[in-house]
$ cat work_34.csv   # CSV, C-alpha atoms
chain,number,residue,atom,x,y,z
A,1,MET,CA,29.6,-14.9,-6.5
A,2,ALA,CA,28.7,-15.4,-2.9
A,3,ALA,CA,27.4,-18.9,-2.2
A,4,THR,CA,26.7,-21.4,0.5
A,5,MET,CA,25.9,-25.1,0.1
A,6,THR,CA,22.2,-24.2,-0.3
A,7,GLU,CA,22.2,-20.6,-1.6
A,8,PHE,CA,23.7,-18.9,-4.6
A,9,GLN,CA,23.9,-15.1,-4.8
A,10,PRO,CA,25.1,-13.9,-8.3
A,11,GLU,CA,26.2,-10.3,-8.5
A,12,THR,CA,25.9,-9.9,-12.3
A,13,GLU,CA,23.3,-10.8,-14.9
A,14,ALA,CA,25.8,-12.9,-16.8
A,15,GLU,CA,26.7,-14.8,-13.6
A,16,LEU,CA,23.0,-15.5,-13.0
A,17,ALA,CA,22.5,-16.7,-16.6
A,18,GLY,CA,25.5,-19.1,-16.2
A,19,LEU,CA,24.1,-20.6,-13.0
A,20,ILE,CA,20.7,-21.2,-14.6
A,21,ARG,CA,22.3,-22.8,-17.7
A,22,GLU,CA,24.4,-25.1,-15.5
A,23,ALA,CA,21.4,-26.1,-13.4
A,24,GLY,CA,19.4,-27.0,-16.6
A,25,ALA,CA,22.3,-29.1,-17.9
A,26,GLN,CA,22.5,-31.0,-14.6
A,27,GLY,CA,18.8,-31.4,-14.1
A,28,GLY,CA,18.7,-29.2,-11.1
A,29,GLY,CA,16.4,-26.4,-10.0
A,30,PHE,CA,16.4,-23.1,-8.0
A,31,ALA,CA,14.0,-21.7,-5.4
A,32,ILE,CA,14.2,-18.0,-6.3
A,33,ARG,CA,14.5,-15.7,-3.3
A,34,GLY,CA,14.5,-12.0,-3.0
A,35,GLY,CA,14.5,-10.4,0.5
A,36,GLY,CA,12.9,-13.4,2.2
A,37,THR,CA,9.8,-11.6,3.4
A,38,ARG,CA,7.2,-14.1,2.0
A,39,ALA,CA,7.2,-17.3,3.9
A,40,GLY,CA,5.9,-20.5,2.3
A,41,LEU,CA,6.1,-19.5,-1.3
A,42,ALA,CA,9.5,-20.8,-2.2
A,43,ALA,CA,9.7,-24.1,-4.2
A,44,GLU,CA,10.6,-27.1,-2.1
A,45,GLY,CA,13.6,-29.3,-2.6
A,46,ALA,CA,15.6,-26.8,-4.7
A,47,ALA,CA,18.8,-24.8,-4.0
A,48,ARG,CA,18.2,-21.2,-3.2
A,49,LEU,CA,19.0,-18.5,-5.7
A,50,SER,CA,19.1,-15.0,-4.2
A,51,THR,CA,18.8,-11.8,-6.3
A,52,VAL,CA,20.0,-9.5,-3.5
A,53,GLY,CA,23.4,-9.2,-5.2
A,54,LEU,CA,21.8,-7.6,-8.2
A,55,SER,CA,21.3,-4.2,-6.4
A,56,GLY,CA,21.3,-0.5,-7.2
A,57,ILE,CA,19.4,2.2,-9.1
A,58,SER,CA,20.6,2.2,-12.7
A,59,LEU,CA,18.8,5.4,-13.8
A,60,TYR,CA,16.6,7.9,-12.2
A,61,GLU,CA,15.2,10.9,-14.1
A,62,PRO,CA,12.9,12.9,-11.9
A,63,GLY,CA,12.0,15.3,-14.7
A,64,ALA,CA,10.9,12.4,-16.9
A,65,LEU,CA,9.2,10.5,-14.0
A,66,THR,CA,11.1,7.4,-14.8
A,67,LEU,CA,13.2,5.0,-12.7
A,68,VAL,CA,15.3,2.0,-13.7
A,69,VAL,CA,16.4,-0.3,-10.8
A,70,ARG,CA,18.0,-3.7,-10.4
A,71,ALA,CA,15.9,-6.4,-8.9
A,72,GLY,CA,17.8,-7.0,-5.6
A,73,THR,CA,17.5,-3.3,-4.6
A,74,PRO,CA,15.7,-2.9,-1.2
A,75,LEU,CA,12.3,-1.3,-1.6
A,76,ALA,CA,13.1,1.2,1.2
A,77,GLU,CA,16.1,2.4,-0.8
A,78,VAL,CA,14.0,3.0,-3.8
A,79,GLU,CA,11.3,4.8,-1.9
A,80,ALA,CA,13.8,7.0,-0.1
A,81,ALA,CA,15.4,8.1,-3.4
A,82,LEU,CA,11.9,8.9,-4.8
A,83,ALA,CA,10.9,10.7,-1.6
A,84,SER,CA,13.9,13.0,-1.9
A,85,GLU,CA,12.3,14.3,-5.2
A,86,GLY,CA,8.7,14.2,-3.9
A,87,GLN,CA,7.8,11.2,-6.1
A,88,VAL,CA,6.3,7.7,-5.4
A,89,LEU,CA,5.7,4.4,-7.0
A,90,PRO,CA,2.1,4.8,-8.0
A,91,PHE,CA,0.9,1.4,-7.0
A,92,GLU,CA,1.9,1.7,-3.3
A,93,PRO,CA,3.6,-1.7,-2.8
A,94,TRP,CA,2.6,-3.7,0.3
A,95,ASP,CA,5.1,-5.1,2.8
A,96,ALA,CA,4.4,-8.8,3.6
A,97,ARG,CA,6.4,-8.9,6.9
A,98,ALA,CA,3.5,-7.9,9.1
A,99,LEU,CA,1.6,-11.0,7.9
A,100,THR,CA,4.4,-13.5,7.6
A,101,GLY,CA,6.4,-12.5,10.7
A,102,ARG,CA,9.6,-12.5,8.6
A,103,THR,CA,12.4,-10.1,9.2
A,104,GLY,CA,13.8,-10.0,5.7
A,105,THR,CA,14.1,-6.9,3.5
A,106,PRO,CA,11.5,-6.3,0.7
A,107,THR,CA,13.2,-6.0,-2.7
A,108,ILE,CA,11.9,-4.4,-5.9
A,109,GLY,CA,12.3,-7.7,-7.7
A,110,GLY,CA,10.1,-9.4,-5.1
A,111,VAL,CA,7.5,-6.7,-5.5
A,112,VAL,CA,7.4,-7.2,-9.3
A,113,ALA,CA,7.5,-11.0,-9.1
A,114,THR,CA,4.4,-11.0,-6.8
A,115,ASN,CA,2.7,-7.9,-8.4
A,116,ALA,CA,2.5,-6.5,-4.9
A,117,SER,CA,0.1,-3.6,-5.0
A,118,GLY,CA,-1.5,-1.5,-2.3
A,119,PRO,CA,-4.8,0.4,-1.8
A,120,ARG,CA,-4.1,3.0,-4.5
A,121,ARG,CA,-4.6,0.3,-7.1
A,122,ILE,CA,-8.2,1.3,-7.3
A,123,GLN,CA,-7.0,4.6,-8.8
A,124,ALA,CA,-3.5,4.1,-10.1
A,125,GLY,CA,-3.5,0.5,-11.1
A,126,ALA,CA,-1.3,-2.4,-10.0
A,127,CYS,CA,2.5,-2.8,-10.1
A,128,ARG,CA,2.3,-4.2,-13.6
A,129,ASP,CA,0.6,-1.0,-14.8
A,130,SER,CA,3.5,1.1,-13.7
A,131,MET,CA,6.1,-1.0,-15.4
A,132,ILE,CA,7.5,0.1,-18.7
A,133,GLY,CA,10.5,-2.2,-19.2
A,134,ILE,CA,12.1,-5.3,-17.8
A,135,ARG,CA,15.2,-7.5,-18.1
A,136,PHE,CA,15.2,-11.1,-16.9
A,137,VAL,CA,16.9,-14.5,-17.4
A,138,ASP,CA,14.6,-17.3,-18.5
A,139,GLY,CA,14.9,-21.0,-17.6
A,140,THR,CA,17.3,-21.7,-20.4
A,141,GLY,CA,19.8,-19.1,-19.2
A,142,ALA,CA,18.9,-16.6,-22.0
A,143,VAL,CA,18.8,-12.9,-21.1
A,144,VAL,CA,15.6,-11.3,-22.3
A,145,LYS,CA,14.8,-7.6,-22.5
A,146,ASN,CA,11.4,-6.1,-23.2
A,147,GLY,CA,10.0,-2.6,-23.1
A,148,GLY,CA,12.2,0.4,-22.5
A,149,ARG,CA,13.2,3.2,-20.3
A,150,VAL,CA,10.7,5.8,-21.5
A,151,MET,CA,6.9,5.8,-21.3
A,152,LYS,CA,6.5,5.8,-25.0
A,153,ASN,CA,8.1,2.7,-26.5
A,154,VAL,CA,7.1,-0.1,-28.9
A,155,THR,CA,7.3,-3.3,-26.9
A,156,GLY,CA,5.9,-6.0,-29.2
A,157,LEU,CA,4.8,-9.0,-27.0
A,158,ASP,CA,4.2,-7.5,-23.6
A,159,LEU,CA,6.5,-9.6,-21.5
A,160,VAL,CA,6.7,-6.7,-19.0
A,161,LYS,CA,3.2,-7.4,-17.7
A,162,LEU,CA,3.6,-11.2,-18.2
A,163,LEU,CA,6.5,-11.3,-15.7
A,164,ALA,CA,4.6,-9.3,-13.1
A,165,GLY,CA,3.0,-11.7,-10.7
A,166,SER,CA,4.7,-14.8,-12.2
A,167,HIS,CA,6.5,-15.6,-8.9
A,168,GLY,CA,9.8,-16.4,-10.6
A,169,THR,CA,8.4,-19.3,-12.7
A,170,LEU,CA,9.0,-17.7,-16.1
A,171,GLY,CA,12.3,-15.9,-15.4
A,172,VAL,CA,14.5,-14.4,-12.8
A,173,ILE,CA,14.0,-10.6,-13.0
A,174,THR,CA,17.2,-8.6,-13.0
A,175,GLU,CA,16.1,-5.0,-13.8
A,176,VAL,CA,12.8,-3.1,-14.0
A,177,ALA,CA,11.9,0.3,-15.4
A,178,PHE,CA,8.9,2.2,-13.8
A,179,LYS,CA,6.9,5.2,-14.5
A,180,LEU,CA,6.4,7.4,-11.4
A,181,LEU,CA,4.0,9.9,-10.0
A,182,PRO,CA,4.4,13.0,-7.8
A,183,GLY,CA,3.8,12.2,-4.2
A,184,PRO,CA,0.6,13.6,-2.6
A,185,ALA,CA,1.1,16.8,-0.7
A,186,ALA,CA,-1.8,16.0,1.7
A,187,THR,CA,-3.9,13.1,2.7
A,188,ALA,CA,-7.2,12.8,4.5
A,189,SER,CA,-9.7,10.0,5.2
A,190,VAL,CA,-13.4,10.2,5.5
A,191,VAL,CA,-14.3,7.5,8.1
A,192,PHE,CA,-17.7,5.9,8.9
A,193,ASP,CA,-18.0,4.0,12.1
A,194,GLY,CA,-20.2,1.0,12.8
A,195,LEU,CA,-21.3,0.1,9.2
A,196,SER,CA,-22.0,-3.6,8.4
A,197,ALA,CA,-20.0,-5.1,5.5
A,198,GLU,CA,-23.0,-4.7,3.2
A,199,GLU,CA,-23.5,-1.0,4.2
A,200,ALA,CA,-19.7,-0.5,3.8
A,201,VAL,CA,-19.7,-1.9,0.3
A,202,GLY,CA,-22.6,0.4,-0.6
A,203,ALA,CA,-20.7,3.4,0.8
A,204,MET,CA,-17.5,2.5,-0.9
A,205,THR,CA,-19.2,1.9,-4.2
A,206,ALA,CA,-21.0,5.2,-4.0
A,207,ALA,CA,-17.8,7.0,-3.0
A,208,LEU,CA,-15.8,5.6,-5.9
A,209,GLY,CA,-18.6,6.8,-8.2
A,210,THR,CA,-18.3,10.4,-7.1
A,211,PRO,CA,-16.0,13.0,-8.8
A,212,PHE,CA,-14.0,13.5,-5.6
A,213,GLN,CA,-11.1,11.2,-6.7
A,214,VAL,CA,-11.0,8.7,-3.9
A,215,SER,CA,-7.6,7.0,-4.0
A,216,ALA,CA,-8.4,4.1,-1.6
A,217,ALA,CA,-11.4,2.5,0.1
A,218,ALA,CA,-11.4,-0.1,2.8
A,219,HIS,CA,-13.6,-1.6,5.5
A,220,LEU,CA,-12.2,-3.0,8.8
A,221,PRO,CA,-14.4,-5.2,10.9
A,222,ALA,CA,-15.3,-4.6,14.6
A,223,GLY,CA,-12.8,-6.0,17.1
A,224,ALA,CA,-11.1,-5.5,20.4
A,225,GLY,CA,-13.9,-3.3,21.7
A,226,GLU,CA,-13.9,-1.1,18.6
A,227,ALA,CA,-16.6,-0.5,16.1
A,228,SER,CA,-16.1,-1.4,12.5
A,229,ALA,CA,-14.6,1.4,10.4
A,230,THR,CA,-15.1,2.2,6.7
A,231,LEU,CA,-12.4,4.5,5.3
A,232,LEU,CA,-12.2,6.5,2.1
A,233,ARG,CA,-8.9,8.2,1.3
A,234,LEU,CA,-8.3,11.4,-0.6
A,235,GLU,CA,-4.9,12.7,-1.7
A,236,GLY,CA,-3.5,15.8,-3.5
A,237,LEU,CA,-2.9,19.4,-2.7
A,238,ALA,CA,-4.0,20.5,0.8
A,239,GLY,CA,-6.8,22.8,-0.2
A,240,SER,CA,-8.2,20.3,-2.7
A,241,VAL,CA,-8.1,17.5,-0.1
A,242,ALA,CA,-9.9,19.6,2.5
A,243,TYR,CA,-12.6,20.6,0.0
A,244,ARG,CA,-13.1,17.1,-1.5
A,245,SER,CA,-13.2,15.3,1.9
A,246,GLY,CA,-15.9,17.7,3.2
A,247,GLU,CA,-18.0,17.3,0.0
A,248,LEU,CA,-17.6,13.5,0.0
A,249,ALA,CA,-18.8,13.3,3.6
A,250,ARG,CA,-21.9,15.4,2.7
A,251,ALA,CA,-22.5,13.3,-0.5
A,252,LEU,CA,-22.6,10.1,1.6
A,253,ARG,CA,-24.6,11.4,4.5
A,254,ARG,CA,-27.3,8.6,3.9
A,255,PHE,CA,-24.7,6.2,5.3
A,256,GLY,CA,-24.4,8.2,8.6
A,257,MET,CA,-22.2,11.0,10.0
A,258,ALA,CA,-18.6,10.7,8.9
A,259,ARG,CA,-15.5,12.1,10.5
A,260,VAL,CA,-12.5,13.4,8.6
A,261,VAL,CA,-9.0,12.3,9.7
A,262,GLU,CA,-6.0,14.2,8.3
A,263,GLY,CA,-2.8,12.5,7.5
A,264,PRO,CA,-1.9,8.9,6.5
A,265,GLY,CA,-3.8,7.5,9.4
A,266,ASP,CA,-4.3,3.7,9.3
A,267,TRP,CA,-3.5,3.2,5.6
A,268,PRO,CA,0.0,1.7,6.0
A,269,ALA,CA,-1.5,-1.0,8.3
A,270,ILE,CA,-4.4,-1.5,5.9
A,271,ARG,CA,-2.0,-1.8,3.0
A,272,ASP,CA,-0.1,-4.5,4.8
A,273,ALA,CA,-3.1,-6.2,6.4
A,274,ALA,CA,-1.2,-5.8,9.6
A,275,ARG,CA,-4.0,-6.6,12.0
A,276,LEU,CA,-4.1,-10.2,10.7
A,277,GLY,CA,-0.4,-10.7,11.3
A,278,GLY,CA,-0.4,-11.3,15.1
A,279,SER,CA,-3.0,-14.1,15.2
A,280,ASP,CA,-2.7,-17.8,14.5
A,281,GLY,CA,-4.4,-19.2,11.4
A,282,ALA,CA,-4.2,-19.1,7.7
A,283,VAL,CA,-4.2,-15.7,5.9
A,284,TRP,CA,-5.9,-15.6,2.5
A,285,ARG,CA,-5.9,-12.9,-0.2
A,286,ILE,CA,-9.1,-13.0,-2.2
A,287,SER,CA,-9.8,-11.2,-5.4
A,288,ALA,CA,-13.5,-10.7,-6.3
A,289,LYS,CA,-15.8,-8.1,-7.7
A,290,PRO,CA,-16.0,-5.1,-5.3
A,291,THR,CA,-19.8,-5.5,-5.2
A,292,ASP,CA,-19.3,-9.1,-4.0
A,293,GLY,CA,-17.3,-8.0,-1.0
A,294,ALA,CA,-20.2,-8.4,1.5
A,295,ARG,CA,-21.3,-11.7,-0.1
A,296,VAL,CA,-17.8,-13.1,0.4
A,297,ALA,CA,-17.6,-11.8,4.0
A,298,ALA,CA,-21.0,-13.5,4.8
A,299,ARG,CA,-19.7,-16.9,3.5
A,300,LEU,CA,-16.5,-17.0,5.4
A,301,GLY,CA,-18.1,-17.9,8.8
A,302,PRO,CA,-15.2,-18.1,11.3
A,303,ALA,CA,-12.9,-15.9,9.4
A,304,GLU,CA,-11.9,-12.3,10.2
A,305,VAL,CA,-12.4,-10.3,7.0
A,306,MET,CA,-11.0,-7.0,5.8
A,307,LEU,CA,-12.2,-5.4,2.6
A,308,ASP,CA,-9.7,-3.3,0.5
A,309,TRP,CA,-9.9,-1.7,-2.9
A,310,GLY,CA,-13.6,-1.1,-2.4
A,311,GLY,CA,-14.1,-4.7,-1.6
A,312,GLY,CA,-12.4,-6.1,-4.7
A,313,LEU,CA,-9.4,-7.3,-2.5
A,314,ILE,CA,-10.4,-9.2,0.6
A,315,TRP,CA,-8.0,-10.3,3.3
A,316,ALA,CA,-9.2,-13.2,5.5
A,317,LEU,CA,-7.8,-14.8,8.6
A,318,ALA,CA,-9.3,-18.3,9.0
A,319,PRO,CA,-8.6,-21.6,10.9
A,320,GLU,CA,-6.0,-23.6,8.9
A,321,ASP,CA,-8.5,-26.5,8.5
A,322,PHE,CA,-11.2,-24.2,7.0
A,323,ASP,CA,-11.9,-24.9,3.3
A,324,LEU,CA,-12.2,-21.3,2.3
A,325,ARG,CA,-12.3,-22.0,-1.4
A,326,ALA,CA,-15.2,-24.4,-1.0
A,327,ALA,CA,-17.0,-21.8,1.1
A,328,LEU,CA,-16.7,-19.3,-1.8
A,329,GLY,CA,-18.0,-21.8,-4.4
A,330,GLY,CA,-20.0,-19.9,-7.1
A,331,VAL,CA,-18.5,-16.5,-6.3
A,332,PRO,CA,-16.3,-15.4,-9.3
A,333,GLY,CA,-12.7,-14.7,-8.3
A,334,HIS,CA,-9.7,-16.5,-6.8
A,335,ALA,CA,-8.1,-17.0,-3.4
A,336,THR,CA,-4.4,-17.2,-2.7
A,337,LEU,CA,-3.0,-18.7,0.5
A,338,VAL,CA,-0.5,-16.1,1.7
A,339,ARG,CA,0.4,-17.5,5.1
A,340,ALA,CA,-0.1,-21.0,6.6
A,341,GLY,CA,1.7,-24.0,8.0
A,342,ALA,CA,3.2,-26.6,5.8
A,343,GLU,CA,0.3,-29.0,6.3
A,344,ALA,CA,-2.3,-26.4,5.3
A,345,ARG,CA,-0.2,-25.3,2.2
A,346,ALA,CA,0.0,-29.0,1.1
A,347,ARG,CA,-3.7,-29.5,1.7
A,348,TRP,CA,-5.1,-26.4,0.0
A,349,GLY,CA,-2.3,-25.3,-2.4
A,350,VAL,CA,-1.0,-21.7,-2.5
A,351,PHE,CA,-2.6,-20.7,-5.7
A,352,HIS,CA,-6.2,-21.0,-6.7
A,353,PRO,CA,-6.9,-24.0,-9.1
A,354,GLU,CA,-7.3,-22.7,-12.6
A,355,PRO,CA,-10.0,-23.7,-15.2
A,356,PRO,CA,-8.5,-26.2,-17.7
A,357,PRO,CA,-8.2,-23.7,-20.6
A,358,VAL,CA,-6.3,-21.2,-18.4
A,359,ALA,CA,-4.1,-23.9,-16.8
A,360,ALA,CA,-3.2,-25.1,-20.3
A,361,ILE,CA,-2.1,-21.6,-21.3
A,362,ALA,CA,-0.1,-21.2,-18.1
A,363,ALA,CA,1.6,-24.5,-18.6
A,364,GLY,CA,2.4,-23.6,-22.2
A,365,LEU,CA,4.1,-20.4,-21.1
A,366,ARG,CA,6.2,-22.2,-18.4
A,367,ALA,CA,7.2,-24.8,-21.0
A,368,ARG,CA,8.3,-22.0,-23.4
A,369,PHE,CA,10.2,-19.9,-20.9
A,370,ASP,CA,11.5,-22.7,-18.6
A,371,PRO,CA,11.3,-26.0,-20.5
A,372,LYS,CA,13.5,-28.0,-18.0
A,373,GLY,CA,11.6,-26.7,-14.9
A,374,VAL,CA,14.6,-24.9,-13.4
A,375,LEU,CA,12.8,-21.9,-11.9
A,376,ASN,CA,10.8,-22.5,-8.7
A,377,PRO,CA,10.0,-26.1,-9.7
A,378,GLY,CA,6.5,-27.2,-8.6
A,379,LEU,CA,5.5,-23.8,-7.2
A,380,MET,CA,2.6,-23.3,-9.7
A,381,ALA,CA,1.9,-26.9,-10.4
A,382,PRO,CA,-1.8,-27.7,-10.9
A,383,HIS,CA,-3.7,-28.4,-7.7
A,384,ASP,CA,-7.0,-30.0,-8.6
A,385,PRO,CA,-8.2,-27.7,-11.4
A,386,VAL,CA,-11.7,-26.4,-11.1
A,387,PRO,CA,-14.3,-27.6,-13.7
A,388,ALA,CA,-14.5,-25.6,-17.0

$ encode --input "work_34.csv" --output "structure tokens"
Amino acid sequence: MAATMTEFQPETEAELAGLIREAGAQGGGFAIRGGGTRAGLAAEGAARLSTVGLSGISLYEPGALTLVVRAGTPLAEVEAALASEGQVLPFEPWDARALTGRTGTPTIGGVVATNASGPRRIQAGACRDSMIGIRFVDGTGAVVKNGGRVMKNVTGLDLVKLLAGSHGTLGVITEVAFKLLPGPAATASVVFDGLSAEEAVGAMTAALGTPFQVSAAAHLPAGAGEASATLLRLEGLAGSVAYRSGELARALRRFGMARVVEGPGDWPAIRDAARLGGSDGAVWRISAKPTDGARVAARLGPAEVMLDWGGGLIWALAPEDFDLRAALGGVPGHATLVRAGAEARARWGVFHPEPPPVAAIAAGLRARFDPKGVLNPGLMAPHDPVPA
């Protein structure tokens, strides 16, 4: 085990389990850390517990489209291995570094713990939807295994999906099994310039209702002397992409004349909300109904707003003293504070307040999996729950 006075880095699952049991016996706690790319989400006042020592691909079967990988494995290493076989993680994980300004290395465990999913979610689902098995150590130091290494397995209680997006508060992930997809042979984007947010939501809604298999839809606001851009991505075989992009542009002609851009274009930057990373202010990640995208944008006043996933995911850059959640009052959804200074995090809370029934379920799960509060203590503590 590599360790400093403030950070522990176990290299085996058994070692990790021992550390957690010892912390529980002594009344201590750990701030769980992967590659260190997400600033401001670690629990305060706890020793760091890094998963980067739990690294390596355990099993990769390209013919079966399955991958088993340890939590500390760098995401780049996973994607390189898949690319060598022409395959991808279906959910297109986003990289937080452009937003947070961190120089860490994204790990697969961090991806799962935050359910980090990119623009292809509208077609292929989120990270949790690609997971078929998981191993983790809970807050008592028990090693838990759920799911399997094949796509057809009987899982019982679906802990696989429960752990995705739990931010290390239910267990420290040690290994994950994924189902994969073949990578696209070609990519093109149908782009409309100058649409308002309301017009863009109309265009994206219409596009996603066509038979042309749009794999991503986003709207970027005007800025730096450039008009707004509404982008619709198509992926697949080259001939199919060329045909579908032309047909999609024709089908949406009522929204204006579109241009077709071949290749990945701006999608990596859209995935990472990179244009919001170089400016001061708080960055929020808002989940709402796609048809509410323009409504949300209109309410955010001073914020710079990007619509992703057809408007269902909204990135907003706002002044740190702006009460974004209050501005969205009455709009169904939730807002997570992704980047902000310590004062703003303390004032607004990272996670959206939950209705009391949901908060009670979440607290019950944490009490079951981490009864002594060892894992990321206080990270998901209630922050002024909303009325029922």

$ closest_residue --input "work_34.csv" --among "A:Glu343, A:Ala206, A:Leu234, A:Gly278" --to "Pro290 in chain A" --atoms "only C-alpha atoms"
A:Ala206

$ closest_residue --input "work_34.csv" --among "A:Leu248, A:Leu162, A:Ala113, A:Val144" --to "Leu208 in chain A" --atoms "only C-alpha atoms"
A:Leu248

$ residues_around --input "work_34.csv" --residues "Lys179 in chain A" --least-positions-apart "5" --cutoff "6 Å" --atoms "only C-alpha atoms" --output "ChimeraX atom specification"
/A:65-66,130

$ atom_distance --input "work_34.csv" --atom1 "CA of Lys372 in chain A" --atom2 "CA of Leu163 in chain A"
18.3 Å

$ closest_residue --input "work_34.csv" --among "A:Arg97, A:Arg135, A:Arg250, A:Arg299" --to "Gly329 in chain A" --atoms "all atoms listed in the file"
A:Arg299

$ closest_residue --input "work_34.csv" --among "A:Pro332, A:Pro119, A:Gly125, A:Gly281" --to "Gly310 in chain A" --atoms "all atoms listed in the file"
A:Pro119

$ residues_around --input "work_34.csv" --residues "range 318-321 of chain A" --least-positions-apart "6" --cutoff "9 Å" --atoms "only C-alpha atoms" --output "tab-separated table (two decimals) with C-alpha atoms, keeping the file's coordinate frame"
chain	number	residue	atom	x	y	z
A	280	ASP	CA	-2.70	-17.80	14.50
A	281	GLY	CA	-4.40	-19.20	11.40
A	282	ALA	CA	-4.20	-19.10	7.70
A	283	VAL	CA	-4.20	-15.70	5.90
A	284	TRP	CA	-5.90	-15.60	2.50
A	300	LEU	CA	-16.50	-17.00	5.40
A	301	GLY	CA	-18.10	-17.90	8.80
A	302	PRO	CA	-15.20	-18.10	11.30
A	303	ALA	CA	-12.90	-15.90	9.40
A	304	GLU	CA	-11.90	-12.30	10.20
A	305	VAL	CA	-12.40	-10.30	7.00
A	340	ALA	CA	-0.10	-21.00	6.60
A	341	GLY	CA	1.70	-24.00	8.00
A	343	GLU	CA	0.30	-29.00	6.30
A	344	ALA	CA	-2.30	-26.40	5.30
A	347	ARG	CA	-3.70	-29.50	1.70
